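K.L.:
Input structure: entry_16.csv, which contains CSV, C-alpha atoms and all ligand atoms.
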chain,number,residue,atom,x,y,z
A,17,MET,CA,76.0,92.0,91.7
A,18,SER,CA,75.0,95.2,93.4
A,19,LEU,CA,76.4,97.3,90.7
A,20,SER,CA,73.5,96.6,88.4
A,21,LEU,CA,71.4,98.4,91.0
A,22,TYR,CA,73.6,101.4,90.7
A,23,LYS,CA,73.6,101.4,87.0
A,24,LYS,CA,69.9,101.3,86.8
A,25,LYS,CA,69.6,104.4,88.9
A,26,ARG,CA,70.8,106.6,86.1
A,27,ASP,CA,70.8,106.6,82.4
A,28,PHE,CA,74.3,107.7,81.7
A,29,LYS,CA,73.6,108.9,78.2
A,30,GLN,CA,75.1,112.2,78.9
A,31,THR,CA,72.3,113.9,80.8
A,32,PRO,CA,73.4,117.4,80.6
A,33,GLU,CA,72.9,118.2,84.3
A,34,PRO,CA,72.8,116.2,87.4
A,35,THR,CA,69.5,116.0,89.0
A,36,GLY,CA,68.5,115.6,92.6
A,37,GLY,CA,70.9,115.6,95.5
A,38,LYS,CA,70.4,112.4,97.5
A,39,THR,CA,70.9,108.8,96.8
A,40,GLN,CA,67.9,106.6,96.7
A,41,ILE,CA,69.7,103.4,96.9
A,42,GLY,CA,70.7,101.3,99.8
A,43,HIS,CA,74.4,101.3,99.1
A,44,LEU,CA,77.0,103.9,99.6
A,45,VAL,CA,78.7,105.0,96.4
A,46,PHE,CA,82.2,105.9,95.5
A,47,VAL,CA,83.6,107.6,92.4
A,48,ILE,CA,87.1,108.3,91.1
A,49,GLN,CA,87.4,111.2,88.7
A,50,LYS,CA,90.4,111.7,86.6
A,51,HIS,CA,91.1,115.4,86.5
A,52,ALA,CA,93.5,117.2,84.2
A,53,ALA,CA,93.6,120.4,86.2
A,54,SER,CA,96.9,122.4,86.4
A,55,SER,CA,98.3,119.0,87.4
A,56,LEU,CA,96.8,115.7,86.6
A,57,HIS,CA,95.3,113.8,89.6
A,58,TYR,CA,92.5,111.5,90.5
A,59,ASP,CA,89.8,112.6,92.9
A,60,PHE,CA,88.8,109.8,95.1
A,61,ARG,CA,85.4,110.3,96.6
A,62,LEU,CA,83.4,108.3,99.1
A,63,GLU,CA,79.7,109.0,99.9
A,64,MET,CA,79.1,109.7,103.6
A,65,GLU,CA,76.2,111.6,105.1
A,66,GLY,CA,74.9,112.7,101.7
A,67,VAL,CA,78.1,114.3,100.5
A,68,LEU,CA,81.3,113.0,98.9
A,69,LYS,CA,84.3,112.9,101.2
A,70,SER,CA,87.2,113.6,98.8
A,71,TRP,CA,90.9,113.0,98.4
A,72,ALA,CA,93.1,114.2,95.6
A,73,VAL,CA,95.5,111.4,94.6
A,74,PRO,CA,98.2,112.7,92.3
A,75,LYS,CA,99.3,109.3,91.0
A,76,GLY,CA,96.0,107.7,91.1
A,77,PRO,CA,95.1,104.4,92.8
A,78,SER,CA,97.2,101.3,92.7
A,79,ILE,CA,96.1,97.7,93.2
A,80,ASN,CA,99.6,96.8,94.4
A,81,PRO,CA,99.6,96.6,98.2
A,82,ALA,CA,103.3,97.7,98.2
A,83,ASP,CA,102.3,101.1,96.8
A,84,LYS,CA,101.2,103.8,99.2
A,85,ARG,CA,99.6,106.6,97.2
A,86,LEU,CA,99.5,110.1,98.6
A,87,ALA,CA,95.9,111.2,99.0
A,88,MET,CA,95.3,114.8,100.1
A,89,LEU,CA,92.0,115.2,101.9
A,90,VAL,CA,90.1,118.1,100.2
A,91,GLU,CA,86.7,119.6,100.9
A,92,ASP,CA,83.5,117.6,100.7
A,93,HIS,CA,81.8,117.7,97.3
A,94,PRO,CA,78.1,117.5,96.7
A,95,TYR,CA,76.7,114.0,96.1
A,96,ASP,CA,75.7,115.0,92.5
A,97,TYR,CA,79.3,115.6,91.7
A,98,LYS,CA,79.8,111.9,91.2
A,99,ASP,CA,78.4,112.0,87.7
A,100,PHE,CA,80.3,114.9,86.5
A,101,GLU,CA,82.3,114.4,83.4
A,102,GLY,CA,83.3,117.2,81.1
A,103,THR,CA,85.3,120.4,81.3
A,104,ILE,CA,85.5,122.8,84.1
A,105,ALA,CA,85.8,126.1,82.3
A,106,GLU,CA,88.9,128.3,82.3
A,107,GLY,CA,88.9,130.8,85.1
A,108,ASN,CA,87.2,128.4,87.6
A,109,TYR,CA,89.0,126.6,90.3
A,110,GLY,CA,90.2,123.2,88.9
A,111,ALA,CA,89.8,124.3,85.3
A,112,GLY,CA,90.4,121.3,83.1
A,113,ARG,CA,88.9,118.1,81.9
A,114,VAL,CA,87.3,115.4,84.0
A,115,ILE,CA,86.2,111.9,83.4
A,116,VAL,CA,84.6,109.4,85.7
A,117,TRP,CA,87.5,106.9,85.9
A,118,ASP,CA,85.7,104.4,88.1
A,119,ASN,CA,82.6,104.2,90.2
A,120,GLY,CA,80.4,101.8,92.1
A,121,THR,CA,79.4,101.0,95.6
A,122,TYR,CA,81.5,100.6,98.7
A,123,GLU,CA,81.1,99.4,102.3
A,124,PRO,CA,83.0,99.1,105.5
A,125,LEU,CA,84.8,95.8,106.1
A,126,GLU,CA,82.6,95.1,109.1
A,127,ASP,CA,79.3,93.5,108.4
A,128,LEU,CA,77.0,96.3,109.3
A,129,GLU,CA,73.4,96.3,108.3
A,130,GLY,CA,72.0,99.4,106.5
A,131,LYS,CA,73.6,102.4,105.1
A,132,LYS,CA,73.1,104.5,108.3
A,133,ALA,CA,75.0,102.1,110.4
A,134,GLN,CA,77.7,101.9,107.8
A,135,GLU,CA,78.0,105.6,107.5
A,136,LYS,CA,78.3,106.0,111.3
A,137,HIS,CA,81.1,103.5,111.4
A,138,LEU,CA,82.9,105.1,108.5
A,139,LEU,CA,82.6,108.6,109.9
A,140,LYS,CA,84.2,107.4,113.1
A,141,GLN,CA,87.0,105.8,111.1
A,142,LEU,CA,87.4,109.0,109.1
A,143,GLU,CA,87.7,110.9,112.4
A,144,GLU,CA,90.2,108.5,113.7
A,145,GLY,CA,92.3,108.7,110.5
A,146,SER,CA,92.0,105.1,109.4
A,147,LEU,CA,89.3,104.2,106.9
A,148,LYS,CA,89.0,100.6,105.8
A,149,PHE,CA,86.5,99.7,103.1
A,150,ARG,CA,85.6,97.4,100.3
A,151,LEU,CA,85.1,98.7,96.8
A,152,HIS,CA,82.8,97.3,94.2
A,153,GLY,CA,83.8,99.2,91.2
A,154,LYS,CA,84.3,98.5,87.6
A,155,LYS,CA,88.1,98.8,87.8
A,156,LEU,CA,88.8,98.7,91.5
A,157,GLN,CA,87.6,95.8,93.7
A,158,GLY,CA,88.2,94.6,97.1
A,159,GLU,CA,89.7,96.1,100.2
A,160,PHE,CA,91.4,99.4,100.5
A,161,ALA,CA,92.5,101.6,103.3
A,162,LEU,CA,92.9,105.4,103.6
A,163,VAL,CA,95.2,106.2,106.4
A,164,ARG,CA,96.0,109.6,107.8
A,165,THR,CA,99.7,110.3,108.2
A,166,HIS,CA,101.5,112.3,110.8
A,167,MET,CA,102.6,114.7,108.1
A,168,GLY,CA,99.4,116.7,108.5
A,169,LYS,CA,95.7,116.1,109.0
A,170,ASN,CA,95.0,116.3,105.3
A,171,THR,CA,97.8,114.1,104.2
A,172,TRP,CA,96.6,110.5,103.8
A,173,LEU,CA,97.7,107.4,102.0
A,174,LEU,CA,95.6,105.2,99.8
A,175,ILE,CA,96.6,101.6,100.1
A,176,LYS,CA,95.3,98.3,98.6
A,177,HIS,CA,94.9,95.5,101.0
A,178,ARG,CA,96.1,92.1,100.1
A,179,ASP,CA,93.2,90.1,98.7
A,180,GLU,CA,92.3,88.3,95.5
A,181,TYR,CA,92.0,91.7,93.7
A,182,ALA,CA,95.5,92.8,94.5
A,183,GLY,CA,98.1,92.7,91.7
A,184,THR,CA,101.0,94.4,90.1
A,185,THR,CA,99.5,95.7,86.9
A,186,ASP,CA,99.1,99.4,86.6
A,187,ILE,CA,95.4,99.9,86.9
A,188,THR,CA,95.6,103.5,85.7
A,189,ARG,CA,96.5,102.2,82.3
A,190,GLN,CA,92.8,101.4,82.0
A,191,ASN,CA,92.3,105.1,81.2
A,192,GLU,CA,88.8,105.2,79.8
A,193,SER,CA,85.7,106.7,81.5
A,194,VAL,CA,83.4,104.0,83.0
A,195,ILE,CA,80.4,106.0,81.9
A,196,SER,CA,81.2,107.3,78.5
A,197,GLY,CA,84.2,105.3,77.4
A,198,ALA,CA,86.0,108.5,76.6
A,199,VAL,CA,89.6,109.0,77.6
A,200,LEU,CA,90.5,112.3,79.1
A,201,GLU,CA,92.2,113.5,75.9
A,202,ASP,CA,88.9,113.0,74.1
A,203,VAL,CA,86.8,115.2,76.3
A,204,ASN,CA,85.3,118.0,74.2
A,205,LYS,CA,86.6,116.5,71.0
A,206,ASN,CA,83.1,115.3,70.4
A,207,ASN,CA,79.6,116.3,71.5
A,208,ARG,CA,79.3,113.6,74.1
A,209,THR,CA,80.7,115.6,76.9
A,210,ARG,CA,79.7,119.0,78.0
A,211,THR,CA,81.5,122.2,78.7
A,212,LYS,CA,79.8,123.5,81.7
A,213,SER,CA,80.6,124.2,85.3
A,214,PRO,CA,80.1,121.1,87.4
A,215,PRO,CA,77.5,121.1,90.1
A,216,ALA,CA,78.5,123.3,93.0
A,217,GLU,CA,81.1,125.0,91.0
A,218,LYS,CA,82.6,126.6,94.0
A,219,LYS,CA,85.7,124.5,94.1
A,220,ALA,CA,86.6,121.6,92.0
A,221,GLY,CA,88.3,119.5,94.6
A,222,ASP,CA,92.0,119.7,94.0
A,223,VAL,CA,94.8,119.6,96.3
A,224,LYS,CA,94.0,123.0,97.8
A,225,LYS,CA,96.3,125.8,97.0
A,226,LYS,CA,99.4,124.0,97.9
A,227,PRO,CA,102.1,125.9,96.1
A,228,ALA,CA,104.7,123.8,97.8
A,229,LYS,CA,103.3,120.7,96.1
A,230,THR,CA,106.0,120.6,93.4
A,231,PRO,CA,104.1,121.2,90.2
A,232,ARG,CA,106.4,119.2,88.2
A,233,GLU,CA,106.1,116.0,90.2
A,234,LYS,CA,102.5,116.1,89.5
A,235,THR,CA,102.4,116.9,85.8
A,236,LYS,CA,102.3,113.5,84.4
A,237,ALA,CA,101.3,110.2,86.0
A,301,MN,MN,90.2,117.6,91.2
How does this structure look as structure tokens?
P.N.:
Amino acid sequence: MSLSLYKKKRDFKQTPEPTGGKTQIGHLVFVIQKHAASSLHYDFRLEMEGVLKSWAVPKGPSINPADKRLAMLVEDHPYDYKDFEGTIAEGNYGAGRVIVWDNGTYEPLEDLEGKKAQEKHLLKQLEEGSLKFRLHGKKLQGEFALVRTHMGKNTWLLIKHRDEYAGTTDITRQNESVISGAVLEDVNKNNRTRTKSPPAEKKAGDVKKKPAKTPREKTKA
């Protein structure tokens, strides 16, 4: 499976800092980071054009096609951000713990040869507000869609397509990091995670300053 390729690329033994900035492999990658900022959410990130297009999903992904999960489009994050796990220090935007909840490769549903062609297609779909793709993750598999709503250009929905990977179990109950095995609550309770600013510590990719976003609805998933 193509995942082995991805795994080989990096030794996940807690390298203290991400290195390099560009992917060397022939597959687009995705990552979902579980982030306990002022409110818990999952940052859903898709590699496109060397950066990570990012959505903050308060409730996290669902494998049930009946669920439509709110996904707020936030600013692009650097490619290296995909490996970040640790704590964003107090005082920084998005301060709080982060684990890599899932990762792997992804591709458009259409059979397009080569990463460049895939990216071109995906960027067009992004522009049009309807992204359809197939995930090859450790937790998430199969077809998903991200669809922009009419509630605003940054307001999208993350939806599982019906396929053999759909189901009704709550996938977020698998709460461990796919790179360290840590659960969010464990971050910084041992030495396996670091307490540094993430790469590009400008903004940590939350639902951007949205005071209207009902803090209490987001506190616990
Ligand atoms: Mn975040």
K.L.:
Near A:Asp92, within 10 Å and counting only C-alpha atoms, which residues show up once chain neighbours fewer than 5 positions away are dropped, as number ranges by chain?
P.N.:
A: 61-64, 66-71, 219, 221
K.L.:
Considering all atoms listed in the file, state which residue in the set A:Ile115, A:Leu125, A:Met167, A:Ile187 is at the smallest distance from ligand MN 301 (chain A).
P.N.:
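That would be A:Ile115, the residue with the smallest distance to ligand MN 301 (chain A).
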K.L.:
Quote the spacing between atom CA of A:Ala87 and atom CA of A:Glu129 in Å to one decimal place.
P.N.:
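Result for atom CA of A:Ala87 versus atom CA of A:Glu129: 28.5 Å, one decimal.
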K.L.:
How would you write, as an mmCIF file with C-alpha atoms, in the coordinates of the input, the set of residues no farther than 12 Å from ligand MN 301 (chain A) when counting only C-alpha atoms and all ligand atoms?
P.N.:
data_model
loop_
_atom_site.group_PDB
_atom_site.id
_atom_site.type_symbol
_atom_site.label_atom_id
_atom_site.label_comp_id
_atom_site.auth_asym_id
_atom_site.auth_seq_id
_atom_site.Cartn_x
_atom_site.Cartn_y
_atom_site.Cartn_z
ATOM 1 C CA ILE A 48 87.100 108.300 91.100
ATOM 2 C CA GLN A 49 87.400 111.200 88.700
ATOM 3 C CA LYS A 50 90.400 111.700 86.600
ATOM 4 C CA HIS A 51 91.100 115.400 86.500
ATOM 5 C CA ALA A 52 93.500 117.200 84.200
ATOM 6 C CA ALA A 53 93.600 120.400 86.200
ATOM 7 C CA SER A 54 96.900 122.400 86.400
ATOM 8 C CA SER A 55 98.300 119.000 87.400
ATOM 9 C CA LEU A 56 96.800 115.700 86.600
ATOM 10 C CA HIS A 57 95.300 113.800 89.600
ATOM 11 C CA TYR A 58 92.500 111.500 90.500
ATOM 12 C CA ASP A 59 89.800 112.600 92.900
ATOM 13 C CA PHE A 60 88.800 109.800 95.100
ATOM 14 C CA ARG A 61 85.400 110.300 96.600
ATOM 15 C CA SER A 70 87.200 113.600 98.800
ATOM 16 C CA TRP A 71 90.900 113.000 98.400
ATOM 17 C CA ALA A 72 93.100 114.200 95.600
ATOM 18 C CA VAL A 73 95.500 111.400 94.600
ATOM 19 C CA PRO A 74 98.200 112.700 92.300
ATOM 20 C CA GLY A 76 96.000 107.700 91.100
ATOM 21 C CA ALA A 87 95.900 111.200 99.000
ATOM 22 C CA MET A 88 95.300 114.800 100.100
ATOM 23 C CA LEU A 89 92.000 115.200 101.900
ATOM 24 C CA VAL A 90 90.100 118.100 100.200
ATOM 25 C CA GLU A 91 86.700 119.600 100.900
ATOM 26 C CA ASP A 92 83.500 117.600 100.700
ATOM 27 C CA HIS A 93 81.800 117.700 97.300
ATOM 28 C CA TYR A 97 79.300 115.600 91.700
ATOM 29 C CA LYS A 98 79.800 111.900 91.200
ATOM 30 C CA PHE A 100 80.300 114.900 86.500
ATOM 31 C CA GLU A 101 82.300 114.400 83.400
ATOM 32 C CA THR A 103 85.300 120.400 81.300
ATOM 33 C CA ILE A 104 85.500 122.800 84.100
ATOM 34 C CA ASN A 108 87.200 128.400 87.600
ATOM 35 C CA TYR A 109 89.000 126.600 90.300
ATOM 36 C CA GLY A 110 90.200 123.200 88.900
ATOM 37 C CA ALA A 111 89.800 124.300 85.300
ATOM 38 C CA GLY A 112 90.400 121.300 83.100
ATOM 39 C CA ARG A 113 88.900 118.100 81.900
ATOM 40 C CA VAL A 114 87.300 115.400 84.000
ATOM 41 C CA ILE A 115 86.200 111.900 83.400
ATOM 42 C CA VAL A 116 84.600 109.400 85.700
ATOM 43 C CA PRO A 214 80.100 121.100 87.400
ATOM 44 C CA GLU A 217 81.100 125.000 91.000
ATOM 45 C CA LYS A 219 85.700 124.500 94.100
ATOM 46 C CA ALA A 220 86.600 121.600 92.000
ATOM 47 C CA GLY A 221 88.300 119.500 94.600
ATOM 48 C CA ASP A 222 92.000 119.700 94.000
ATOM 49 C CA VAL A 223 94.800 119.600 96.300
ATOM 50 C CA LYS A 224 94.000 123.000 97.800
ATOM 51 C CA LYS A 225 96.300 125.800 97.000
#
K.L.:
Counting all atoms listed in the file, figure out which residue out of A:Lys131, A:Gly158, A:Lys169, A:Tyr122 gets nearest to A:Glu144.
P.N.:
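With all atoms listed in the file as the atom set, the closest residue is A:Lys169.
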K.L.:
With only C-alpha atoms as the basis for distance, which of A:Arg178, A:Lys132, A:Arg189, A:His166 is at the shortest distance from A:Asp83?
P.N.:
A:Arg178
K.L.:
If you count only C-alpha atoms, which residues fall within 8 Å of A:Leu86, apart from same-chain ones fewer than 5 positions away, as a VMD selection string?
P.N.:
chain A and resid 73 to 75 171 to 174
K.L.:
Generate the output file for the selected residues, C-alpha atoms, as a JSON list (two decimals), in the coordinates of the input.
P.N.:
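Result file is again29.json:
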[["chain", "number", "residue", "atom", "x", "y", "z"],
["A", 73, "VAL", "CA", 95.50, 111.40, 94.60],
["A", 74, "PRO", "CA", 98.20, 112.70, 92.30],
["A", 75, "LYS", "CA", 99.30, 109.30, 91.00],
["A", 171, "THR", "CA", 97.80, 114.10, 104.20],
["A", 172, "TRP", "CA", 96.60, 110.50, 103.80],
["A", 173, "LEU", "CA", 97.70, 107.40, 102.00],
["A", 174, "LEU", "CA", 95.60, 105.20, 99.80]]
K.L.:
Nearest to A:Val199 among A:Trp117, A:Gly130, A:Gly42, A:Glu180, with distances taken over only C-alpha atoms: which residue is it?
P.N.:
A:Trp117
K.L.:
Report, in Å to a single decimal, how far apart atom CA of A:Glu106 and atom CA of A:Val45 are.
P.N.:
29.1 Å
K.L.:
Which one is closest to A:Leu138: A:Gln157, A:Gly120, A:Thr185, A:Glu65? Count only C-alpha atoms.
P.N.:
A:Glu65
K.L.:
Fix up stretch 70-101 of chain A with N, CA and C atoms, then write it as a compact mmCIF listing (two decimals), keeping the file's coordinate frame.
P.N.:
# COMPACT_ATOMS: atom_id res chain seq x y z
N SER A 70 86.33 113.62 100.00
CA SER A 70 87.20 113.60 98.80
C SER A 70 88.66 113.74 99.11
N TRP A 71 89.42 112.97 98.36
CA TRP A 71 90.90 113.00 98.40
C TRP A 71 91.41 113.19 97.01
N ALA A 72 92.41 114.02 96.87
CA ALA A 72 93.10 114.20 95.60
C ALA A 72 94.33 113.28 95.59
N VAL A 73 94.37 112.36 94.64
CA VAL A 73 95.50 111.40 94.60
C VAL A 73 96.29 111.65 93.33
N PRO A 74 97.44 112.29 93.50
CA PRO A 74 98.20 112.70 92.30
C PRO A 74 98.54 111.54 91.37
N LYS A 75 98.95 110.42 91.91
CA LYS A 75 99.30 109.30 91.00
C LYS A 75 98.20 108.37 90.71
N GLY A 76 97.09 108.56 91.35
CA GLY A 76 96.00 107.70 91.10
C GLY A 76 96.12 106.41 91.97
N PRO A 77 95.06 105.60 92.00
CA PRO A 77 95.10 104.40 92.80
C PRO A 77 96.00 103.32 92.27
N SER A 78 96.41 102.42 93.14
CA SER A 78 97.20 101.30 92.70
C SER A 78 96.55 100.03 93.34
N ILE A 79 96.64 98.93 92.62
CA ILE A 79 96.10 97.70 93.20
C ILE A 79 97.27 96.86 93.79
N ASN A 80 98.43 97.47 93.84
CA ASN A 80 99.60 96.80 94.40
C ASN A 80 99.72 97.22 95.90
N PRO A 81 99.57 96.27 96.81
CA PRO A 81 99.60 96.60 98.20
C PRO A 81 100.96 97.24 98.65
N ALA A 82 101.97 97.09 97.83
CA ALA A 82 103.30 97.70 98.20
C ALA A 82 103.26 99.20 97.92
N ASP A 83 102.31 99.68 97.14
CA ASP A 83 102.30 101.10 96.80
C ASP A 83 101.44 101.85 97.89
N LYS A 84 101.96 102.96 98.29
CA LYS A 84 101.20 103.80 99.20
C LYS A 84 101.02 105.15 98.45
N ARG A 85 99.81 105.39 98.05
CA ARG A 85 99.60 106.60 97.20
C ARG A 85 99.15 107.77 98.05
N LEU A 86 99.89 108.84 97.88
CA LEU A 86 99.50 110.10 98.60
C LEU A 86 98.11 110.48 98.20
N ALA A 87 97.35 110.83 99.21
CA ALA A 87 95.90 111.20 99.00
C ALA A 87 95.67 112.43 99.91
N MET A 88 95.49 113.57 99.28
CA MET A 88 95.30 114.80 100.10
C MET A 88 93.77 114.99 100.29
N LEU A 89 93.40 115.02 101.54
CA LEU A 89 92.00 115.20 101.90
C LEU A 89 91.61 116.67 101.46
N VAL A 90 90.58 116.78 100.67
CA VAL A 90 90.10 118.10 100.20
C VAL A 90 88.67 118.25 100.73
N GLU A 91 88.04 119.33 100.39
CA GLU A 91 86.70 119.60 100.90
C GLU A 91 85.66 118.63 100.37
N ASP A 92 84.62 118.46 101.15
CA ASP A 92 83.50 117.60 100.70
C ASP A 92 82.95 118.18 99.39
N HIS A 93 82.48 117.27 98.58
CA HIS A 93 81.80 117.70 97.30
C HIS A 93 80.37 117.21 97.40
N PRO A 94 79.46 117.91 96.69
CA PRO A 94 78.10 117.50 96.70
C PRO A 94 77.91 116.11 96.07
N TYR A 95 76.94 115.40 96.54
CA TYR A 95 76.70 114.00 96.10
C TYR A 95 76.58 113.98 94.54
N ASP A 96 75.92 114.97 93.97
CA ASP A 96 75.70 115.00 92.50
C ASP A 96 77.01 115.05 91.71
N TYR A 97 78.04 115.45 92.37
CA TYR A 97 79.30 115.60 91.70
C TYR A 97 79.81 114.27 91.10
N LYS A 98 79.29 113.19 91.63
CA LYS A 98 79.80 111.90 91.20
C LYS A 98 79.59 111.56 89.76
N ASP A 99 78.65 112.22 89.14
CA ASP A 99 78.40 112.00 87.70
C ASP A 99 79.05 112.96 86.80
N PHE A 100 79.77 113.88 87.37
CA PHE A 100 80.30 114.90 86.50
C PHE A 100 81.44 114.46 85.64
N GLU A 101 81.28 114.74 84.37
CA GLU A 101 82.30 114.40 83.40
C GLU A 101 82.22 115.55 82.36
